[in-house]
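Visitor: This is the content of target38.tsv (TSV, C-alpha atoms and all ligand atoms):
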chain	number	residue	atom	x	y	z
J	1	MET	CA	0.00	0.00	0.00
J	2	ARG	CA	1.49	3.35	-1.08
J	3	THR	CA	1.24	6.28	1.34
J	4	MET	CA	-0.62	9.17	-0.27
J	5	PHE	CA	1.51	12.20	-1.09
J	6	VAL	CA	0.45	15.82	-1.59
J	7	ALA	CA	2.99	18.49	-2.53
J	8	GLY	CA	2.45	22.22	-2.91
J	9	ASN	CA	4.46	23.99	-5.61
J	10	TRP	CA	4.41	27.64	-4.61
J	11	LYS	CA	6.24	28.67	-7.79
J	12	MET	CA	7.48	32.31	-7.66
J	13	ASN	CA	5.07	33.36	-4.94
J	14	LYS	CA	5.40	34.55	-1.32
J	15	THR	CA	8.10	36.66	0.32
J	16	ILE	CA	9.84	35.34	3.44
J	17	ALA	CA	7.36	37.19	5.64
J	18	GLU	CA	4.42	35.80	3.66
J	19	THR	CA	5.97	32.33	3.81
J	20	ARG	CA	6.04	32.50	7.62
J	21	GLU	CA	2.40	33.55	7.65
J	22	LEU	CA	1.22	30.81	5.28
J	23	LEU	CA	3.24	28.10	7.03
J	24	SER	CA	1.91	29.04	10.46
J	25	ALA	CA	-1.62	28.62	9.16
J	26	LEU	CA	-0.78	25.38	7.34
J	27	LYS	CA	0.84	23.93	10.44
J	28	ALA	CA	-2.36	24.50	12.37
J	29	GLY	CA	-4.57	23.22	9.56
J	30	LEU	CA	-2.59	20.07	8.79
J	31	ASN	CA	-1.65	19.11	12.33
J	32	ASP	CA	-4.46	16.60	12.89
J	33	LEU	CA	-4.31	14.96	9.46
J	34	GLN	CA	-2.39	11.69	9.52
J	35	GLY	CA	-1.44	9.07	6.98
J	36	VAL	CA	-0.59	11.46	4.14
J	37	GLU	CA	2.91	12.66	3.29
J	38	ARG	CA	2.62	16.41	2.73
J	39	VAL	CA	5.32	18.70	1.41
J	40	VAL	CA	5.56	22.40	0.61
J	41	CYS	CA	7.97	23.83	-1.98
J	42	PRO	CA	8.51	27.58	-1.50
J	43	PRO	CA	11.06	29.63	-3.48
J	44	PHE	CA	14.77	29.12	-2.64
J	45	VAL	CA	15.08	32.29	-0.55
J	46	SER	CA	12.36	31.16	1.84
J	47	LEU	CA	13.73	27.66	2.42
J	48	ALA	CA	15.84	28.58	5.47
J	49	ALA	CA	12.93	30.28	7.22
J	50	ALA	CA	10.60	27.42	6.27
J	51	HIS	CA	13.13	24.87	7.55
J	52	GLU	CA	13.09	26.54	10.97
J	53	LEU	CA	9.33	26.90	11.06
J	54	LEU	CA	8.65	23.32	10.03
J	55	ALA	CA	11.14	21.67	12.39
J	56	GLY	CA	9.35	19.02	14.43
J	57	THR	CA	6.18	19.12	12.31
J	58	ASN	CA	4.75	16.55	9.92
J	59	ILE	CA	5.17	18.86	6.90
J	60	GLY	CA	8.10	18.15	4.60
J	61	LEU	CA	10.06	20.80	2.75
J	62	GLY	CA	11.10	20.78	-0.90
J	63	ALA	CA	12.77	23.01	-3.47
J	64	GLN	CA	11.45	23.70	-6.96
J	65	ASN	CA	14.65	23.04	-8.90
J	66	MET	CA	18.40	22.55	-8.51
J	67	HIS	CA	21.60	22.26	-10.55
J	68	TRP	CA	23.23	18.91	-11.22
J	69	GLU	CA	26.79	19.95	-10.33
J	70	GLU	CA	27.90	19.90	-6.69
J	71	LYS	CA	29.53	23.35	-6.82
J	72	GLY	CA	31.40	25.74	-9.06
J	73	ALA	CA	31.01	28.62	-11.49
J	74	PHE	CA	27.27	28.40	-12.15
J	75	THR	CA	26.01	31.87	-11.29
J	76	GLY	CA	22.51	31.92	-9.89
J	77	GLU	CA	22.28	28.17	-9.39
J	78	VAL	CA	21.75	26.06	-6.25
J	79	SER	CA	23.22	22.60	-5.62
J	80	SER	CA	21.87	19.43	-4.07
J	81	GLY	CA	24.25	19.77	-1.10
J	82	MET	CA	22.92	23.27	-0.34
J	83	LEU	CA	19.36	21.98	-0.47
J	84	LYS	CA	20.10	18.88	1.58
J	85	GLU	CA	20.87	21.08	4.62
J	86	LEU	CA	17.36	22.50	4.43
J	87	CYS	CA	15.00	20.10	2.74
J	88	GLY	CA	14.26	16.51	1.83
J	89	TYR	CA	12.60	16.91	-1.56
J	90	VAL	CA	13.13	18.66	-4.88
J	91	ILE	CA	10.80	19.14	-7.86
J	92	LEU	CA	12.58	18.31	-11.12
J	93	GLY	CA	11.51	18.87	-14.72
J	94	HIS	CA	8.42	20.97	-14.05
J	95	SER	CA	6.88	21.98	-17.38
J	96	GLU	CA	7.47	25.67	-16.62
J	97	ARG	CA	11.19	24.91	-16.34
J	98	ARG	CA	11.05	22.89	-19.55
J	99	THR	CA	9.14	25.66	-21.37
J	100	TYR	CA	10.82	28.83	-20.07
J	101	PHE	CA	14.27	27.70	-18.96
J	102	GLY	CA	15.32	25.09	-21.49
J	103	GLU	CA	15.03	22.07	-19.19
J	104	THR	CA	15.30	18.83	-21.18
J	105	ASP	CA	14.99	15.14	-20.38
J	106	GLU	CA	18.78	15.06	-20.35
J	107	THR	CA	19.13	17.81	-17.73
J	108	VAL	CA	16.30	16.30	-15.70
J	109	ASN	CA	18.22	13.03	-15.70
J	110	LYS	CA	21.47	14.70	-14.59
J	111	LYS	CA	19.61	16.41	-11.76
J	112	LEU	CA	17.91	13.17	-10.77
J	113	LEU	CA	21.26	11.39	-10.53
J	114	ALA	CA	22.56	14.30	-8.41
J	115	ALA	CA	19.50	13.98	-6.14
J	116	GLN	CA	20.17	10.24	-5.82
J	117	LYS	CA	23.75	10.97	-4.76
J	118	ALA	CA	22.67	13.60	-2.23
J	119	GLY	CA	19.75	11.60	-0.83
J	120	LEU	CA	17.09	14.12	-1.84
J	121	ILE	CA	13.70	12.72	-2.88
J	122	PRO	CA	12.86	14.02	-6.35
J	123	ILE	CA	9.37	14.80	-7.56
J	124	VAL	CA	9.88	14.26	-11.28
J	125	CYS	CA	7.36	15.93	-13.58
J	126	VAL	CA	6.26	14.56	-16.93
J	127	GLY	CA	3.36	15.59	-19.15
J	128	GLU	CA	2.28	16.37	-22.67
J	129	THR	CA	1.46	19.72	-24.27
J	130	LEU	CA	-1.98	20.51	-25.63
J	131	ALA	CA	-0.82	19.88	-29.20
J	132	GLN	CA	0.59	16.48	-28.22
J	133	TYR	CA	-2.62	15.65	-26.33
J	134	GLU	CA	-4.75	16.58	-29.32
J	135	ALA	CA	-2.51	14.53	-31.60
J	136	GLY	CA	-3.03	11.46	-29.39
J	137	GLN	CA	0.64	11.35	-28.38
J	138	THR	CA	0.24	11.44	-24.59
J	139	ALA	CA	1.33	7.84	-23.86
J	140	GLU	CA	4.32	8.15	-26.17
J	141	VAL	CA	5.43	11.49	-24.68
J	142	VAL	CA	5.13	10.56	-21.00
J	143	SER	CA	6.75	7.15	-21.60
J	144	SER	CA	9.72	8.70	-23.30
J	145	GLN	CA	10.08	11.46	-20.66
J	146	THR	CA	9.92	8.83	-17.90
J	147	ARG	CA	12.48	6.53	-19.54
J	148	ALA	CA	14.91	9.35	-20.35
J	149	GLY	CA	14.48	11.15	-17.03
J	150	LEU	CA	14.98	8.05	-14.89
J	151	GLN	CA	17.83	6.53	-16.88
J	152	GLY	CA	20.63	5.06	-14.74
J	153	VAL	CA	18.72	5.31	-11.46
J	154	SER	CA	19.10	2.37	-9.05
J	155	ALA	CA	16.00	0.31	-8.24
J	156	GLU	CA	16.56	1.02	-4.55
J	157	PHE	CA	16.46	4.79	-5.12
J	158	ALA	CA	13.67	4.48	-7.70
J	159	SER	CA	11.26	3.22	-5.05
J	160	GLN	CA	11.64	6.57	-3.26
J	161	ILE	CA	11.15	8.73	-6.35
J	162	VAL	CA	7.83	10.48	-6.76
J	163	VAL	CA	6.59	10.94	-10.33
J	164	ALA	CA	4.09	13.69	-11.14
J	165	TYR	CA	1.95	13.44	-14.26
J	166	GLU	CA	1.12	17.02	-15.16
J	167	PRO	CA	-0.55	17.61	-18.52
J	168	VAL	CA	0.75	21.01	-19.56
J	169	TRP	CA	-2.71	22.05	-20.78
J	170	ALA	CA	-4.12	21.52	-17.28
J	171	ILE	CA	-1.52	23.51	-15.31
J	172	GLY	CA	-2.85	26.81	-14.03
J	173	THR	CA	-5.72	26.78	-16.53
J	174	GLY	CA	-8.56	25.65	-14.30
J	175	LYS	CA	-9.14	22.86	-16.84
J	176	ALA	CA	-8.13	19.70	-14.99
J	177	SER	CA	-7.87	16.37	-16.77
J	178	SER	CA	-10.71	13.97	-16.14
J	179	ALA	CA	-9.83	11.48	-13.42
J	180	GLU	CA	-10.31	8.62	-15.90
J	181	ASN	CA	-7.90	10.14	-18.40
J	182	ALA	CA	-5.31	10.73	-15.66
J	183	GLN	CA	-5.72	7.15	-14.39
J	184	GLY	CA	-5.05	5.84	-17.90
J	185	VAL	CA	-1.84	7.86	-18.17
J	186	HIS	CA	-0.75	6.84	-14.67
J	187	ALA	CA	-1.18	3.19	-15.66
J	188	VAL	CA	1.06	3.81	-18.69
J	189	ILE	CA	3.71	5.41	-16.45
J	190	ARG	CA	3.52	2.52	-13.97
J	191	GLN	CA	3.99	0.07	-16.84
J	192	VAL	CA	7.13	1.94	-17.93
J	193	LEU	CA	8.37	1.89	-14.32
J	194	THR	CA	7.73	-1.87	-14.23
J	195	GLU	CA	9.84	-2.34	-17.36
J	196	LEU	CA	12.61	-0.18	-15.89
J	197	PHE	CA	12.73	-1.41	-12.31
J	198	GLY	CA	10.53	-4.51	-11.96
J	199	ALA	CA	6.99	-4.89	-10.63
J	200	GLU	CA	7.78	-4.66	-6.92
J	201	THR	CA	9.61	-1.34	-7.22
J	202	ALA	CA	7.07	0.06	-9.69
J	203	GLN	CA	4.26	-0.73	-7.25
J	204	ALA	CA	6.06	1.22	-4.52
J	205	ILE	CA	6.53	4.42	-6.55
J	206	ARG	CA	4.01	7.21	-5.92
J	207	ILE	CA	2.58	8.78	-9.06
J	208	LEU	CA	0.87	12.12	-8.47
J	209	TYR	CA	-1.57	13.94	-10.70
J	210	GLY	CA	-1.02	17.69	-11.16
J	211	GLY	CA	-3.00	20.27	-13.08
J	212	SER	CA	-5.75	22.47	-11.60
J	213	VAL	CA	-6.35	20.20	-8.60
J	214	THR	CA	-8.71	21.77	-6.05
J	215	ALA	CA	-10.31	20.66	-2.80
J	216	THR	CA	-13.45	20.05	-4.88
J	217	ASN	CA	-12.06	17.78	-7.60
J	218	ALA	CA	-9.27	16.08	-5.58
J	219	ALA	CA	-11.38	13.17	-4.29
J	220	GLU	CA	-12.18	12.00	-7.79
J	221	PHE	CA	-8.49	11.76	-8.67
J	222	PHE	CA	-7.57	10.09	-5.38
J	223	SER	CA	-10.17	7.35	-5.84
J	224	GLN	CA	-8.28	6.07	-8.91
J	225	PRO	CA	-6.05	3.04	-8.28
J	226	ASP	CA	-2.84	4.49	-9.75
J	227	ILE	CA	-3.21	8.07	-8.49
J	228	ASP	CA	-1.28	8.38	-5.25
J	229	GLY	CA	-1.72	12.06	-4.52
J	230	ALA	CA	-1.30	15.45	-6.15
J	231	LEU	CA	1.20	18.11	-7.08
J	232	VAL	CA	-0.70	21.31	-6.43
J	233	GLY	CA	0.15	24.78	-7.74
J	234	GLY	CA	-2.38	27.59	-7.29
J	235	ALA	CA	-4.44	25.87	-4.60
J	236	SER	CA	-1.35	25.28	-2.45
J	237	LEU	CA	-1.19	29.02	-1.74
J	238	LYS	CA	-4.55	29.00	0.00
J	239	VAL	CA	-4.70	27.37	3.41
J	240	ASP	CA	-8.24	26.01	3.20
J	241	ASP	CA	-7.71	24.62	-0.29
J	242	PHE	CA	-4.41	22.87	0.49
J	243	VAL	CA	-5.70	21.49	3.79
J	244	GLY	CA	-8.85	20.39	1.94
J	245	ILE	CA	-6.81	18.50	-0.66
J	246	VAL	CA	-4.66	16.75	1.97
J	247	SER	CA	-7.82	15.89	3.85
J	248	GLN	CA	-9.41	14.43	0.68
J	249	SER	CA	-6.37	12.21	0.14
J	250	GLN	CA	-6.75	10.91	3.67
J	251	ILE	CA	-10.41	10.11	3.13
J	252	ALA	CA	-9.83	8.54	-0.30
J	253	LYS	CA	-7.65	5.79	1.09
J	254	GLY	CA	-9.92	5.14	4.03
J	255	GLU	CA	-7.61	6.52	6.73
Y	1	LIG	C1	1.87	22.96	-10.91
Y	1	LIG	O1	2.39	24.04	-11.09
Y	1	LIG	O2	2.57	21.96	-10.70
Y	1	LIG	C2	0.42	22.86	-10.96
Y	1	LIG	C3	-0.14	21.68	-10.98
Y	1	LIG	O3	-0.28	24.06	-10.97
Y	1	LIG	P1	-1.88	24.25	-10.78
Y	1	LIG	O4	-2.29	23.35	-9.65
Y	1	LIG	O5	-2.03	25.68	-10.48
Y	1	LIG	O6	-2.51	23.83	-12.06
Show the structure stored in the file as structure tokens.
Guide:
Amino acid sequence: MRTMFVAGNWKMNKTIAETRELLSALKAGLNDLQGVERVVCPPFVSLAAAHELLAGTNIGLGAQNMHWEEKGAFTGEVSSGMLKELCGYVILGHSERRTYFGETDETVNKKLLAAQKAGLIPIVCVGETLAQYEAGQTAEVVSSQTRAGLQGVSAEFASQIVVAYEPVWAIGTGKASSAENAQGVHAVIRQVLTELFGAETAQAIRILYGGSVTATNAAEFFSQPDIDGALVGGASLKVDDFVGIVSQSQIAKGE
């Protein structure tokens, strides 16, 4: 049985002061909810403050990106070792990084291998564009992103990786995928993971759905057999919405 997992991607939102405010409210709201791994991913500059505020709580901390090199002349970048002092998770290959910052399957893979070395749990994003969806290429695109992104990863580490299926057309648009469509794509991803790492490891890997998840539609996604939680953007910035989504994931698996 996979533990449900809900992560909030704050993107480029919230100052340090606003981070403190939001986290205080989230701590109170999430305190009584058990049985769901929950993680927040604020911007880099807020990670130190968040690390202090979340110490001793059941809320994990993640970053939204990192570089694959350990150190050196990479102006503006942040390494796995720097993150490891503050957080346990890192989002890799988010579609906004692929679209606006030239992230490729190859760089995602380099980062994933760096995360493996550092002991950071990666939340690896895959997903098709609207044009690819309309052309019926979803299975092909997510399979190839998953294979290329996870190349060279050990089966032991693979079982800890979290994969997020995020159709690009559903991110920030208010137009979520249907739960049935997402389940179908998650089954494809799990099949690829089975081919890469074997059935036992593939069954242990959490696959999240992301794309306009709200407290209202979350339950439908979480009732699907291969949907193990959500990567949440916009709704993770609102306390009631994020708490609502975590709470739905708890209910969905009968906790
Ligand atoms: C995201 O950015 O990963 C995301 C899923 O955003 P939203 O929930 O706002 O669609």
Visitor: Could you check which of J:Gln160, J:Thr173, J:Thr15, J:Ser223 is closest to ligand LIG 1 (chain Y), using only C-alpha atoms and all ligand atoms?
Guide: J:Thr173
Visitor: May I ask which of the residues J:Gln203, J:Ser95, J:Thr129, J:Gln34 is the closest one to ligand LIG 1 (chain Y), counting only C-alpha atoms and all ligand atoms?
Guide: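 Checking each of J:Gln203, J:Ser95, J:Thr129, J:Gln34 against ligand LIG 1 (chain Y), counting only C-alpha atoms and all ligand atoms, the winner is J:Ser95.
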Visitor: Around the point (1.1, 4.7, -16.3) in the file's coordinates, collect all residues with an atom within 10 Å, using only C-alpha atoms, and return them as a PyMOL selection string.
Guide: chain J and resi 139+142-143+146+165+182-194+207+226-227
Visitor: Please compute the atom CA of Asp241 of chain J-atom CA of Met1 of chain J distance, one decimal, in Å.
Guide: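 A separation of 25.8 Å between them.
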Visitor: Distance limit 7 Å, reference ligand LIG 1 (chain Y), atoms considered: all atoms listed in the file. Which residues make the cut? Give them as a list in words.
Guide: Asn9, Lys11, His94, Glu166, Ala170, Ile171, Gly172, Thr173, Gly174, Gly210, Gly211, Ser212, Val213, Leu231, Val232, Gly233, Gly234 and Ala235 of chain J
Visitor: Box for segment 214-223 of chain J: with edges along x, y and z, all listed atoms inside and 5 Å added on each side, what are the centre and edge lengths in Å to one decimal, as AutoDock Vina command-line options?
Guide:
--center_x -10.5 --center_y 14.6 --center_z -5.7 --size_x 15.9 --size_y 24.4 --size_z 15.9
Visitor: Have a look at atom CA of Ile251 of chain J and atom CA of Val126 of chain J and let me know their distance in Å, one decimal.
Guide: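 Rounded to one decimal, the two atoms are 26.5 Å apart.
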Visitor: Please provide as an MDAnalysis selection string all residues within 10 Å of Ala204 of chain J, with the sequence filter that same-chain residues fewer than 4 positions apart are discarded (counting only C-alpha atoms).
Guide: chainID J and resid 1:3 158:162 190 199:200
